[in-house]
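Here the structure is laid out as structure tokens; the discussion comes afterwards.
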Amino acid sequence: MTAEKTGRSGTREGVSSEERELKISLSEEVFESLQERISQLGLSSTTAHLTDVYYDDSNFLLTNLNRGMRVRSASASPTVLEFKSLFYIPDLRPENPWLVEEVQFEMPIQDDDVDAVSRILKRLGRPMASDLKNISAELLLKAAGFYPRITVDKDRVEYQHPEYLWVFDKVEGLGNFVEVEAGPEIDPQRVLDSFLNKSDYVIVREGYNDMIARNEPGVVPSSIRQGKFFQDSGWNLLPGEYQIIHALLQI
């Protein structure tokens with residue numbers, strides 16, 4: 001699930017996350033060299049080991065709808081349940097039609113998050129546990145018919161520049177990746193061009209979970225899913241989600 005993003009807006013339950021983002025794949029040698037250069041700039045940094053477990057049903061319903069339901073565990077951080085959806089809405093925002101919905105809940109579910117979680121599961125046509133409070137993420141999702149399908153393990157280092165963010169990921173089984181996330185005034189491609197030659201990397205337009213899921217039976221390749229948006233922009237909209245999009249865009 002990838003898209004160009006710029007700014008942040010949204011409701012209590014969801015956020016439209018629109019940073020301008022570019023992800024690249026690099027060799028070990030180029031990755032280490034670039035990280036050494038960035039580390040010498042004196043930027044504030046954070047380091048973490050992240051484990052993302054993506055839940056889905058037996059037919060990969062969420063993945064094939066360009067959705068993601070994951071449980072993220074991070075060193076020195078609480079476990080969180082995250083839900084993401086990718087929409088393409090040229091009729092509402094022709095200048096930048098991509099919209100990423102992001103919703104995050106700290107586990108166990110807090111009292112004021114119960115309704116939001118319930119609405120997400122209802123959108124997906126899934127049953128809900130009788131009592132969501134104090135329930136583990138695993139039990140909550142299994143009750144809704146979702147099970148662990150994809151696991152992404154990565155060592156991440158982030159460097160915060162005042163105008164953009166460097167993200168260095170070593171992903172188990174996939175390799176080395178770097179993301180540049182910037183605000184609306186900064187072109188991440190220009191940031192990369194000031195440090196690397198284009199021959200040094202390959203631009204990546206898939207999420208790590210999509211890369212791992214490529215060989216799973218029943219998974220529609222992400223390139224085909226992305227192409228569907230240009231044939232029918234609303235192909236993955238579920239009942240009631242147009243109202244959610246309006247709320248995210250504060251229309």
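If you're wondering about the labels, chains in the structure tokens are A, B, ... by order shown, residues count from 1 in each chain, ligands from 1 in order shown.
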
Determine, for each residue of segment 213-240 of chain A having at least one atom at most 10 Å from an atom of segment 63-78 of chain A, the closest pair of atoms and their separation in Å to one decimal, counting only C-alpha atoms; order by chain and ascending number, as CSV.
residue,atom,partner,partner_atom,distance
A:Ala213,CA,A:Thr63,CA,8.9
A:Gly218,CA,A:Asn64,CA,8.6
A:Val219,CA,A:Asn64,CA,6.3
A:Val220,CA,A:Asn64,CA,5.8
A:Pro221,CA,A:Asn64,CA,8.3
A:Ser222,CA,A:Asn66,CA,8.2
A:Ile224,CA,A:Asn64,CA,9.8
A:Arg225,CA,A:Asn64,CA,7.2
A:Gln226,CA,A:Asn66,CA,8.6
A:Trp235,CA,A:Leu65,CA,8.6
A:Asn236,CA,A:Leu65,CA,5.5
A:Leu237,CA,A:Leu65,CA,8.4
A:Leu238,CA,A:Leu65,CA,9.4

Would you save the residues of that selection, restricted to C-alpha atoms, as an mmCIF file, in the first residue's frame?
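Output file result.cif follows:
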data_model
loop_
_atom_site.group_PDB
_atom_site.id
_atom_site.type_symbol
_atom_site.label_atom_id
_atom_site.label_comp_id
_atom_site.auth_asym_id
_atom_site.auth_seq_id
_atom_site.Cartn_x
_atom_site.Cartn_y
_atom_site.Cartn_z
ATOM 1 C CA ALA A 213 2.879 -11.896 0.028
ATOM 2 C CA GLY A 218 -4.942 -15.937 -3.607
ATOM 3 C CA VAL A 219 -3.026 -12.658 -3.392
ATOM 4 C CA VAL A 220 -3.618 -10.274 -6.291
ATOM 5 C CA PRO A 221 -0.240 -8.675 -7.195
ATOM 6 C CA SER A 222 0.038 -5.103 -5.963
ATOM 7 C CA ILE A 224 -2.604 -5.184 -10.665
ATOM 8 C CA ARG A 225 -4.355 -3.668 -7.669
ATOM 9 C CA GLN A 226 -2.763 -0.282 -8.348
ATOM 10 C CA TRP A 235 -13.217 -0.296 -7.106
ATOM 11 C CA ASN A 236 -12.231 -0.958 -3.479
ATOM 12 C CA LEU A 237 -14.775 1.301 -1.753
ATOM 13 C CA LEU A 238 -16.982 -0.536 0.729
#

Name all residues at most 10 Å from Arg149 of chain A (count only C-alpha atoms; drop same-chain ones fewer than 5 positions away) and give them as JSON, numbers by chain.
{"A": [53, 54, 55, 56, 57, 58, 60, 70, 209, 213, 216]}

Now that the selection is made, can you save its residues with N, CA and C atoms as a PDB file, in the first residue's frame?
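New file result39.pdb:
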ATOM      1  N   VAL A  53       2.936  -7.892  12.336  1.00  0.00           N
ATOM      2  CA  VAL A  53       2.193  -9.093  11.968  1.00  0.00           C
ATOM      3  C   VAL A  53       0.902  -8.653  11.287  1.00  0.00           C
ATOM      4  N   TYR A  54       0.764  -8.996  10.007  1.00  0.00           N
ATOM      5  CA  TYR A  54      -0.410  -8.616   9.224  1.00  0.00           C
ATOM      6  C   TYR A  54      -1.450  -9.722   9.300  1.00  0.00           C
ATOM      7  N   TYR A  55      -2.658  -9.329   9.685  1.00  0.00           N
ATOM      8  CA  TYR A  55      -3.768 -10.261   9.810  1.00  0.00           C
ATOM      9  C   TYR A  55      -4.663 -10.166   8.582  1.00  0.00           C
ATOM     10  N   ASP A  56      -5.183 -11.306   8.159  1.00  0.00           N
ATOM     11  CA  ASP A  56      -6.095 -11.338   7.020  1.00  0.00           C
ATOM     12  C   ASP A  56      -6.902 -12.621   7.105  1.00  0.00           C
ATOM     13  N   ASP A  57      -7.907 -12.729   6.230  1.00  0.00           N
ATOM     14  CA  ASP A  57      -8.655 -13.974   6.235  1.00  0.00           C
ATOM     15  C   ASP A  57      -8.013 -14.969   5.275  1.00  0.00           C
ATOM     16  N   SER A  58      -8.646 -16.114   5.088  1.00  0.00           N
ATOM     17  CA  SER A  58      -8.046 -17.181   4.282  1.00  0.00           C
ATOM     18  C   SER A  58      -7.924 -16.807   2.815  1.00  0.00           C
ATOM     19  N   PHE A  60      -7.262 -13.605   1.800  1.00  0.00           N
ATOM     20  CA  PHE A  60      -6.533 -12.327   1.750  1.00  0.00           C
ATOM     21  C   PHE A  60      -7.461 -11.173   1.345  1.00  0.00           C
ATOM     22  N   ARG A  70      -2.592  -4.626  10.936  1.00  0.00           N
ATOM     23  CA  ARG A  70      -1.370  -5.193  11.505  1.00  0.00           C
ATOM     24  C   ARG A  70      -1.248  -4.894  12.986  1.00  0.00           C
ATOM     25  N   ASN A 209       4.970  -5.892   3.297  1.00  0.00           N
ATOM     26  CA  ASN A 209       4.012  -7.000   3.378  1.00  0.00           C
ATOM     27  C   ASN A 209       3.608  -7.490   1.998  1.00  0.00           C
ATOM     28  N   ALA A 213       4.105 -11.180   0.406  1.00  0.00           N
ATOM     29  CA  ALA A 213       2.879 -11.896   0.028  1.00  0.00           C
ATOM     30  C   ALA A 213       2.832 -12.273  -1.451  1.00  0.00           C
ATOM     31  N   GLU A 216       2.022 -15.858  -2.171  1.00  0.00           N
ATOM     32  CA  GLU A 216       0.921 -16.485  -1.442  1.00  0.00           C
ATOM     33  C   GLU A 216      -0.253 -16.747  -2.389  1.00  0.00           C
TER      34      GLU A 216
END

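Distances from A:Val80, A:Pro127, A:Ile120, A:Thr51 to Ile244 of chain A were compared using only C-alpha atoms, and the smallest one belongs to A:Ile120.
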
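Between atom CA of Ala247 of chain A and atom CA of Lys142 of chain A lies a distance of 28.8 Å.
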
Step one, run DSSP on the backbone; step two, keep only residues of segment 22-156 of chain A assigned to strand (DSSP E); then write them as an MDAnalysis selection string.
chainID A and resid 22:26 44:56 67:74 77:88 98:106 147:156

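The interatomic distance for the pair atom CA of Leu165 of chain A and atom CA of Ser194 of chain A works out to 14.6 Å.
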
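Nearest to Lys133 of chain A of all the residues A:Ile38, A:Asp115, A:Gly240, A:Val204 is A:Asp115, counting only C-alpha atoms.
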
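Among the candidates A:Lys23, A:Lys84, A:Arg93, A:Arg190, the residue lying nearest to Asn176 of chain A is A:Lys23 (atoms considered: only C-alpha atoms).
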
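On the backbone of this structure, DSSP gives alpha helix (DSSP H) within segment 89-197 of chain A to A:Val114, A:Asp115, A:Ala116, A:Val117, A:Ser118, A:Arg119, A:Ile120, A:Leu121, A:Lys122, A:Arg123, A:Ala137, A:Glu138, A:Leu139, A:Leu140, A:Leu141, A:Lys142, A:Ala143, A:Pro188, A:Gln189, A:Arg190, A:Val191, A:Leu192, A:Asp193.
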
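Comparing the minimum interatomic distances between Ser118 of chain A and each of A:Leu249, A:Leu141, A:Val152, A:Val100, counting only C-alpha atoms, we find that A:Leu141 sits nearest.
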
Leu140 of chain A surroundings by only C-alpha atoms, 9 Å radius, close-in-sequence under 6 positions cut, as JSON, numbers by chain
{"A": [128, 129, 132, 146]}

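For the residues A:Asp52, A:Glu241, A:Asp169, A:Asp111, ranking by smallest atom-to-atom distance to Leu86 of chain A using only C-alpha atoms places A:Glu241 first.
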